[in-house]
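Notes for the one structure printed next.
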Amino acid sequence: MYASQIHRILSRDRYASRYFIGVFPSDEIPPPKECTTLFINTETRDQEGSHWLAMHIKDKKTLEFFYSYGFPPEMYGVHISKYAEQLTNVKWNKKSI
């Protein structure tokens with residue numbers, strides 16, 4: 001799925017559009033902001049894209065992280081790992097789906 005497709009779907013969804021701020025490569029993730037949802041590609045801007053993951057910043061301390069393999073953020077490269085380190089309470093799905 002392309003970034004434009006993800007953006008179009010989430011922007012049009014009545015519930016998701018309230019929180020969704022965009023789709024980003026791993027090296028261009030915007031600073032954490034409360035009550036926001038973003039989709040991140042595991043690759044950087046200069047690479048072809050690879051896998052998508054979702055993040056929801058619940059509050060100033062809490063990151064809810066989702067990736068279908070069920071691994072923590074540090075498994076997805078330096079950019080995603082450093083982003084997660086900015087928040088003190090990181091939750092992720094622990095089961096692969």
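Convention: chains lettered A, B, ... in structure tokens order; per-chain residue numbering from 1; ligands numbered from 1 as shown.
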DSSP strand (DSSP E) residues within chain A, as a PDB file with C-alpha atoms, in the first residue's frame:
```pdb
ATOM      1  CA  PHE A  20      -4.447  11.336  12.141  1.00  0.00           C
ATOM      2  CA  ILE A  21      -1.612  13.739  11.249  1.00  0.00           C
ATOM      3  CA  GLY A  22       0.035  11.924   8.367  1.00  0.00           C
ATOM      4  CA  VAL A  23       2.237   9.243   6.862  1.00  0.00           C
ATOM      5  CA  PHE A  24       6.018   9.584   7.222  1.00  0.00           C
ATOM      6  CA  PRO A  25       9.296   7.835   6.411  1.00  0.00           C
ATOM      7  CA  THR A  36      -2.183  12.175  17.459  1.00  0.00           C
ATOM      8  CA  THR A  37      -1.942   9.119  15.238  1.00  0.00           C
ATOM      9  CA  LEU A  38       0.649   8.643  12.531  1.00  0.00           C
ATOM     10  CA  PHE A  39       1.775   5.919  10.176  1.00  0.00           C
ATOM     11  CA  ILE A  40       5.482   5.356   9.657  1.00  0.00           C
ATOM     12  CA  ASN A  41       7.359   3.451   6.995  1.00  0.00           C
ATOM     13  CA  TRP A  52       4.129   0.273   7.673  1.00  0.00           C
ATOM     14  CA  LEU A  53       3.596   0.655  11.397  1.00  0.00           C
ATOM     15  CA  ALA A  54       1.192   2.774  13.416  1.00  0.00           C
ATOM     16  CA  MET A  55       1.794   5.030  16.397  1.00  0.00           C
ATOM     17  CA  HIS A  56      -0.666   6.856  18.606  1.00  0.00           C
ATOM     18  CA  ILE A  57       0.593   9.476  21.046  1.00  0.00           C
ATOM     19  CA  THR A  62       2.381   7.466  26.369  1.00  0.00           C
ATOM     20  CA  LEU A  63       3.110   5.960  22.960  1.00  0.00           C
ATOM     21  CA  GLU A  64       0.875   3.176  21.671  1.00  0.00           C
ATOM     22  CA  PHE A  65       2.843   1.335  18.995  1.00  0.00           C
ATOM     23  CA  PHE A  66       1.447  -1.215  16.546  1.00  0.00           C
ATOM     24  CA  ASN A  89       5.374   4.821  28.688  1.00  0.00           C
ATOM     25  CA  VAL A  90       5.594   2.759  25.490  1.00  0.00           C
ATOM     26  CA  LYS A  91       2.971   0.082  24.834  1.00  0.00           C
ATOM     27  CA  TRP A  92       2.958  -2.320  21.901  1.00  0.00           C
TER      28      TRP A  92
END
```
Out of chain A, which residues get alpha helix (DSSP H) from DSSP, as a PyMOL selection string? chain A and resi 3-12+78-85
What separation in Å, quoted to one decimal, exists between CA of Pro30 (chain A) and CA of Asp59 (chain A)?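 So the answer is 15.3 Å.
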Nearby residues (only C-alpha atoms) at most 10 Å from Gln86 (chain A), same-chain spacing under 5 positions excluded, as a ChimeraX atom specification: /A:31-32,60-63,81
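From CA of Glu43 (chain A) back to CA of Glu85 (chain A), the distance works out to 18.5 Å.
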Hey, what's within 9 Å of Ser26 (chain A) if we count only C-alpha atoms and toss same-chain stuff fewer than 6 positions away? As a short mmCIF file (atom, residue, chain, number, x, y, z; two decimals) with C-alpha atoms, in the first residue's frame, please?
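Writing done, so here's selection-v8.cif:
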```cif
data_model
loop_
_atom_site.label_atom_id
_atom_site.label_comp_id
_atom_site.auth_asym_id
_atom_site.auth_seq_id
_atom_site.Cartn_x
_atom_site.Cartn_y
_atom_site.Cartn_z
CA ILE A 40 5.48 5.36 9.66
CA ASN A 41 7.36 3.45 6.99
CA THR A 42 10.26 1.46 8.41
CA GLU A 43 12.51 2.84 5.66
CA THR A 44 13.95 6.35 5.29
CA ARG A 45 12.94 8.97 2.70
CA GLY A 77 15.72 0.89 13.35
CA VAL A 78 17.42 3.83 14.96
CA HIS A 79 14.89 6.51 13.96
CA ILE A 80 11.87 4.67 15.32
#
```
